[in-house]
Amino acid sequence: RSSAASDVYKRQKAFNLIPGGVNSPVRAFKSVNREAPIFVKKGQGARIYDEDDNEYIDYICSWGPLILGHNHPKVIEEVKKIIENGSSYGLPTKYEVDLAELIVEIVPSIEKVRLTTSGTEATMSAVRLARAYTGRNKILKFEGCYHGHSDALLVKSGSGLLTDGYQDSNGITDGVLKDTLTLGFGDLEKVENLLRNEEVACVIVEPIPANMGLIETHKEFLQGLRRITEETKTVLIFDEVISGFRLALGGAQEFFGITPDLTTLGKIIGGGYPVGAFGGKREIMDLVAPVGRVYHAGTLSGNPIASKAGFATISYLKENPNIYKELAENTNYLVDNVEKLAEKYGVDVCVNS
């Protein structure tokens, strides 16, 4: 077969074997009216190449983990060293401890951390931990904020749920729906009223929403959340799976100067390999098994390859702080030129520069 025919074959085979031909809905390209996804063969630096050998500039970067680009030499060098020794042991390794130490050093809110295999697992576990710590059942999230696909956090969620027309309640029980309260992002008055009149275990928020279009975060809103949650003894969770190590080395909490009780992480802390984490105040984290009774387990949690890749990535960011200035400059350049093109061709775009 020619390369093009081979690609078509692969796509048709994928649709027959996998729902929608993809293992995560946003990869299906439905929201941009494309009939089939792009099947990637390889990536290098800022570019990816599909099965037809078409070259693309990659603005997705695996949805965030590849802050250094594809196959960064420092990361690949460390991964090669580790993978030759084995891939998974079901026992601890020093690499997960090294990564934990680096996270605790950098992220302001984290005194102890537990590694997971995904961001969804991290947010699910953080909510469970908050419920145990407070003895309360209800949680508050904000409409359009996406915190993974665990039942409680899919209610009025963002990401593919916004663009593909999925109903929040598909497969989610009425009991779960009743315990998940939602409000519009940024409405501090309603948050205060709710928390003073309901027994709420936690408020979970993306400090910078990444899954509901371009929504600007005002520092005053996050400061208000911190004040109200402290006054009502409600756990404040920052979901920094996307913003962590990306907006600033210490994430949005460093950027805004606001410290939550718990933080969830993912993506960059695995350097392109499956990973997640939740961490925070020592007194809360010490409720996690085997120290406490809040159960969390995972055969691949703290996987040595993901831990080493994450350690290499974060270490590089720490040693090269000018990266964040370069990111900001490149982003401003891109946004400015997109705005000019949109104006030239009469295309409506939402821009915040």
# chains A, B, ... in the order shown; residues from 1 in each chain; ligands from 1
call {"tool": "residues_around", "arguments": {"residues": "Ile305 of chain A", "least_positions_apart": "4", "cutoff": "8 Å", "atoms": "only C-alpha atoms", "output": "PyMOL selection string"}}
result
chain A and resi 79+82-83+87+273+309
call {"tool": "select_by_dssp", "arguments": {"residues": "segment 234-292 of chain A", "states": "alpha helix (DSSP H)", "output": "list of chain:residue names"}}
result
A:Gly251, A:Ala252, A:Gln253, A:Glu254, A:Phe255, A:Phe256, A:Arg282, A:Glu283, A:Ile284, A:Met285
call {"tool": "residues_around", "arguments": {"residues": "Val349 of chain A", "least_positions_apart": "6", "cutoff": "12 Å", "atoms": "only C-alpha atoms", "output": "number ranges by chain"}}
result
A: 213-214, 335-343
call {"tool": "write_last_selection", "arguments": {"atoms": "N, CA and C atoms", "output": "PDB file, in the first residue's frame"}}
result
ATOM      1  N   GLY A 213     -12.967  27.330  26.905  1.00  0.00           N
ATOM      2  CA  GLY A 213     -12.740  28.542  26.138  1.00  0.00           C
ATOM      3  C   GLY A 213     -11.844  29.491  26.906  1.00  0.00           C
ATOM      4  N   LEU A 214     -11.759  30.707  26.434  1.00  0.00           N
ATOM      5  CA  LEU A 214     -10.845  31.673  27.031  1.00  0.00           C
ATOM      6  C   LEU A 214     -11.537  32.419  28.165  1.00  0.00           C
ATOM      7  N   VAL A 335      -0.229  35.062  19.603  1.00  0.00           N
ATOM      8  CA  VAL A 335      -1.553  35.646  19.815  1.00  0.00           C
ATOM      9  C   VAL A 335      -1.713  36.923  18.993  1.00  0.00           C
ATOM     10  N   ASP A 336      -0.697  37.777  18.992  1.00  0.00           N
ATOM     11  CA  ASP A 336      -0.772  39.033  18.244  1.00  0.00           C
ATOM     12  C   ASP A 336      -0.988  38.786  16.759  1.00  0.00           C
ATOM     13  N   ASN A 337      -0.284  37.806  16.225  1.00  0.00           N
ATOM     14  CA  ASN A 337      -0.402  37.534  14.789  1.00  0.00           C
ATOM     15  C   ASN A 337      -1.692  36.821  14.433  1.00  0.00           C
ATOM     16  N   VAL A 338      -2.188  35.967  15.318  1.00  0.00           N
ATOM     17  CA  VAL A 338      -3.500  35.352  15.095  1.00  0.00           C
ATOM     18  C   VAL A 338      -4.580  36.435  15.069  1.00  0.00           C
ATOM     19  N   GLU A 339      -4.455  37.400  15.984  1.00  0.00           N
ATOM     20  CA  GLU A 339      -5.422  38.503  16.051  1.00  0.00           C
ATOM     21  C   GLU A 339      -5.394  39.324  14.760  1.00  0.00           C
ATOM     22  N   LYS A 340      -4.196  39.579  14.241  1.00  0.00           N
ATOM     23  CA  LYS A 340      -4.075  40.344  12.989  1.00  0.00           C
ATOM     24  C   LYS A 340      -4.694  39.586  11.812  1.00  0.00           C
ATOM     25  N   LEU A 341      -4.426  38.292  11.755  1.00  0.00           N
ATOM     26  CA  LEU A 341      -4.996  37.468  10.677  1.00  0.00           C
ATOM     27  C   LEU A 341      -6.518  37.395  10.781  1.00  0.00           C
ATOM     28  N   ALA A 342      -6.997  37.264  12.014  1.00  0.00           N
ATOM     29  CA  ALA A 342      -8.447  37.195  12.217  1.00  0.00           C
ATOM     30  C   ALA A 342      -9.116  38.480  11.766  1.00  0.00           C
ATOM     31  N   GLU A 343      -8.498  39.607  12.069  1.00  0.00           N
ATOM     32  CA  GLU A 343      -9.056  40.897  11.660  1.00  0.00           C
ATOM     33  C   GLU A 343      -9.015  41.046  10.142  1.00  0.00           C
TER      34      GLU A 343
END
call {"tool": "residues_around", "arguments": {"residues": "Val97 of chain A", "least_positions_apart": "3", "cutoff": "12 Å", "atoms": "only C-alpha atoms", "output": "list in words"}}
result
Pro92, Thr93, Lys94, Ala100, Glu101, Leu102, Ile103, Val104, Lys112, Val113, Arg114, Leu115, Ser301, Gly302, Asn303, Pro304, Ser307, Lys308, Gly310 and Phe311 of chain A
call {"tool": "closest_residue", "arguments": {"among": "A:Leu140, A:Ile106, A:Ala312, A:Thr123", "to": "Gly271 of chain A", "atoms": "only C-alpha atoms"}}
result
A:Ala312
call {"tool": "closest_atom_pairs", "arguments": {"of": "segment 281-333 of chain A", "to": "segment 65-70 of chain A", "cutoff": "12 Å", "atoms": "only C-alpha atoms", "output": "Markdown table"}}
result
| residue | atom | partner | partner_atom | distance |
| --- | --- | --- | --- | --- |
| A:Ala306 | CA | A:Pro65 | CA | 11.3 |
| A:Ala309 | CA | A:Pro65 | CA | 10.5 |
| A:Gly310 | CA | A:Pro65 | CA | 9.1 |
| A:Ala312 | CA | A:Leu68 | CA | 10.6 |
| A:Thr313 | CA | A:Leu68 | CA | 7.4 |
| A:Ile314 | CA | A:Ile67 | CA | 9.7 |
| A:Ser315 | CA | A:Leu68 | CA | 11.5 |
| A:Tyr316 | CA | A:Leu68 | CA | 8.8 |
| A:Leu317 | CA | A:Leu68 | CA | 8.6 |
| A:Asn320 | CA | A:Leu68 | CA | 11.2 |
| A:Ile323 | CA | A:Leu68 | CA | 9.2 |
| A:Tyr324 | CA | A:Ile67 | CA | 10.1 |
| A:Glu326 | CA | A:Ile67 | CA | 11.7 |
| A:Leu327 | CA | A:Ile67 | CA | 9.3 |
call {"tool": "select_by_dssp", "arguments": {"residues": "segment 169-232 of chain A", "states": "strand (DSSP E or B)", "output": "PyMOL selection string"}}
result
chain A and resi 180-183+200-205
call {"tool": "atom_distance", "arguments": {"atom1": "atom CA of Gln44 of chain A", "atom2": "atom CA of Asn71 of chain A"}}
result
5.8 Å
call {"tool": "closest_residue", "arguments": {"among": "A:Ile237, A:Met212, A:Ala297, A:Leu262", "to": "Gly280 of chain A", "atoms": "only C-alpha atoms"}}
result
A:Leu262
call {"tool": "atom_distance", "arguments": {"atom1": "atom CA of Ser125 of chain A", "atom2": "atom CA of Gly279 of chain A"}}
result
10.0 Å
call {"tool": "closest_residue", "arguments": {"among": "A:Leu99, A:Val205, A:Val235, A:Ala130", "to": "Val275 of chain A", "atoms": "only C-alpha atoms"}}
result
A:Leu99
call {"tool": "closest_residue", "arguments": {"among": "A:Asn352, A:Thr120, A:Thr134, A:Asn85", "to": "His147 of chain A", "atoms": "only C-alpha atoms"}}
result
A:Thr120
call {"tool": "atom_distance", "arguments": {"atom1": "atom CA of Tyr95 of chain A", "atom2": "atom CA of Ala289 of chain A"}}
result
20.5 Å
call {"tool": "closest_residue", "arguments": {"among": "A:Gly86, A:Gly244, A:Ile208, A:Ile48", "to": "Cys145 of chain A", "atoms": "only C-alpha atoms"}}
result
A:Ile208
call {"tool": "residues_around", "arguments": {"residues": "His296 of chain A", "least_positions_apart": "4", "cutoff": "12 Å", "atoms": "only C-alpha atoms", "output": "JSON, numbers by chain"}}
result
{"A": [114, 115, 116, 117, 121, 122, 123, 124, 125, 126, 127, 128, 129, 277, 278, 285, 287, 288, 289, 290, 291, 292, 301]}
call {"tool": "closest_residue", "arguments": {"among": "A:Glu111, A:Asp58, A:Asp52, A:Glu105", "to": "Asp286 of chain A", "atoms": "only C-alpha atoms"}}
result
A:Glu111
call {"tool": "decode", "arguments": {"residues": "segment 178-193 of chain A", "atoms": "all heavy atoms", "output": "compact mmCIF listing (two decimals), in the first residue's frame"}}
result
# COMPACT_ATOMS: atom_id res chain seq x y z
N LYS A 178 -26.32 14.69 43.32
CA LYS A 178 -26.80 15.51 44.43
C LYS A 178 -25.66 16.01 45.31
O LYS A 178 -25.77 17.08 45.92
CB LYS A 178 -27.79 14.70 45.28
CG LYS A 178 -29.13 14.47 44.58
CD LYS A 178 -30.02 13.55 45.41
CE LYS A 178 -31.32 13.26 44.67
NZ LYS A 178 -32.16 12.28 45.40
N ASP A 179 -24.59 15.26 45.38
CA ASP A 179 -23.48 15.65 46.25
C ASP A 179 -22.48 16.58 45.56
O ASP A 179 -21.57 17.10 46.21
CB ASP A 179 -22.73 14.41 46.75
CG ASP A 179 -23.44 13.74 47.92
OD1 ASP A 179 -24.26 14.40 48.57
OD2 ASP A 179 -23.16 12.55 48.17
N THR A 180 -22.63 16.77 44.24
CA THR A 180 -21.74 17.68 43.52
C THR A 180 -22.49 18.97 43.21
O THR A 180 -23.40 19.00 42.40
CB THR A 180 -21.23 17.05 42.21
OG1 THR A 180 -20.52 15.85 42.51
CG2 THR A 180 -20.30 18.01 41.48
N LEU A 181 -22.10 20.03 43.88
CA LEU A 181 -22.71 21.34 43.68
C LEU A 181 -21.88 22.12 42.66
O LEU A 181 -20.66 21.99 42.61
CB LEU A 181 -22.77 22.11 45.01
CG LEU A 181 -23.36 21.34 46.20
CD1 LEU A 181 -23.25 22.17 47.48
CD2 LEU A 181 -24.82 20.97 45.94
N THR A 182 -22.54 22.93 41.84
CA THR A 182 -21.82 23.69 40.82
C THR A 182 -22.25 25.15 40.84
O THR A 182 -23.41 25.48 41.13
CB THR A 182 -22.07 23.11 39.41
OG1 THR A 182 -23.46 23.18 39.10
CG2 THR A 182 -21.59 21.68 39.31
N LEU A 183 -21.32 26.01 40.50
CA LEU A 183 -21.58 27.44 40.34
C LEU A 183 -20.78 27.95 39.15
O LEU A 183 -19.83 27.31 38.70
CB LEU A 183 -21.16 28.21 41.61
CG LEU A 183 -22.00 28.02 42.87
CD1 LEU A 183 -21.35 28.72 44.05
CD2 LEU A 183 -23.43 28.54 42.65
N GLY A 184 -21.15 29.13 38.67
CA GLY A 184 -20.41 29.75 37.60
C GLY A 184 -19.05 30.23 38.09
O GLY A 184 -18.93 30.76 39.19
N PHE A 185 -18.05 30.06 37.25
CA PHE A 185 -16.69 30.47 37.61
C PHE A 185 -16.63 31.97 37.78
O PHE A 185 -17.08 32.74 36.92
CB PHE A 185 -15.70 30.03 36.52
CG PHE A 185 -14.27 30.31 36.84
CD1 PHE A 185 -13.52 29.42 37.58
CD2 PHE A 185 -13.66 31.48 36.40
CE1 PHE A 185 -12.18 29.68 37.88
CE2 PHE A 185 -12.33 31.75 36.69
CZ PHE A 185 -11.60 30.85 37.44
N GLY A 186 -16.09 32.42 38.91
CA GLY A 186 -15.89 33.84 39.14
C GLY A 186 -16.94 34.51 40.00
O GLY A 186 -16.79 35.68 40.38
N ASP A 187 -18.03 33.79 40.33
CA ASP A 187 -19.12 34.40 41.12
C ASP A 187 -18.86 34.18 42.61
O ASP A 187 -19.37 33.24 43.22
CB ASP A 187 -20.46 33.80 40.71
CG ASP A 187 -21.64 34.63 41.19
OD1 ASP A 187 -21.49 35.31 42.22
OD2 ASP A 187 -22.70 34.61 40.54
N LEU A 188 -18.07 35.05 43.19
CA LEU A 188 -17.63 34.89 44.58
C LEU A 188 -18.79 35.03 45.57
O LEU A 188 -18.83 34.35 46.60
CB LEU A 188 -16.54 35.91 44.89
CG LEU A 188 -15.72 35.67 46.16
CD1 LEU A 188 -15.03 34.32 46.12
CD2 LEU A 188 -14.70 36.79 46.35
N GLU A 189 -19.73 35.90 45.27
CA GLU A 189 -20.86 36.11 46.17
C GLU A 189 -21.67 34.84 46.36
O GLU A 189 -22.05 34.47 47.48
CB GLU A 189 -21.75 37.23 45.64
CG GLU A 189 -22.90 37.59 46.56
CD GLU A 189 -23.74 38.74 46.03
OE1 GLU A 189 -23.26 39.49 45.15
OE2 GLU A 189 -24.89 38.89 46.50
N LYS A 190 -21.91 34.13 45.25
CA LYS A 190 -22.66 32.87 45.33
C LYS A 190 -21.86 31.79 46.06
O LYS A 190 -22.42 30.96 46.78
CB LYS A 190 -23.07 32.40 43.94
CG LYS A 190 -24.19 33.23 43.32
CD LYS A 190 -24.67 32.65 42.02
CE LYS A 190 -25.85 33.46 41.47
NZ LYS A 190 -26.32 32.94 40.16
N VAL A 191 -20.55 31.78 45.86
CA VAL A 191 -19.70 30.82 46.57
C VAL A 191 -19.81 31.05 48.07
O VAL A 191 -20.00 30.10 48.85
CB VAL A 191 -18.22 30.95 46.12
CG1 VAL A 191 -17.33 30.08 47.01
CG2 VAL A 191 -18.06 30.55 44.67
N GLU A 192 -19.72 32.28 48.48
CA GLU A 192 -19.77 32.59 49.91
C GLU A 192 -21.12 32.21 50.50
O GLU A 192 -21.19 31.61 51.58
CB GLU A 192 -19.51 34.08 50.14
CG GLU A 192 -19.48 34.45 51.61
CD GLU A 192 -18.62 35.65 51.91
OE1 GLU A 192 -18.26 36.40 50.99
OE2 GLU A 192 -18.29 35.83 53.11
N ASN A 193 -22.17 32.52 49.79
CA ASN A 193 -23.52 32.18 50.28
C ASN A 193 -23.68 30.68 50.41
O ASN A 193 -24.22 30.17 51.41
CB ASN A 193 -24.57 32.74 49.32
CG ASN A 193 -25.97 32.44 49.79
OD1 ASN A 193 -26.42 32.89 50.85
ND2 ASN A 193 -26.71 31.67 48.99
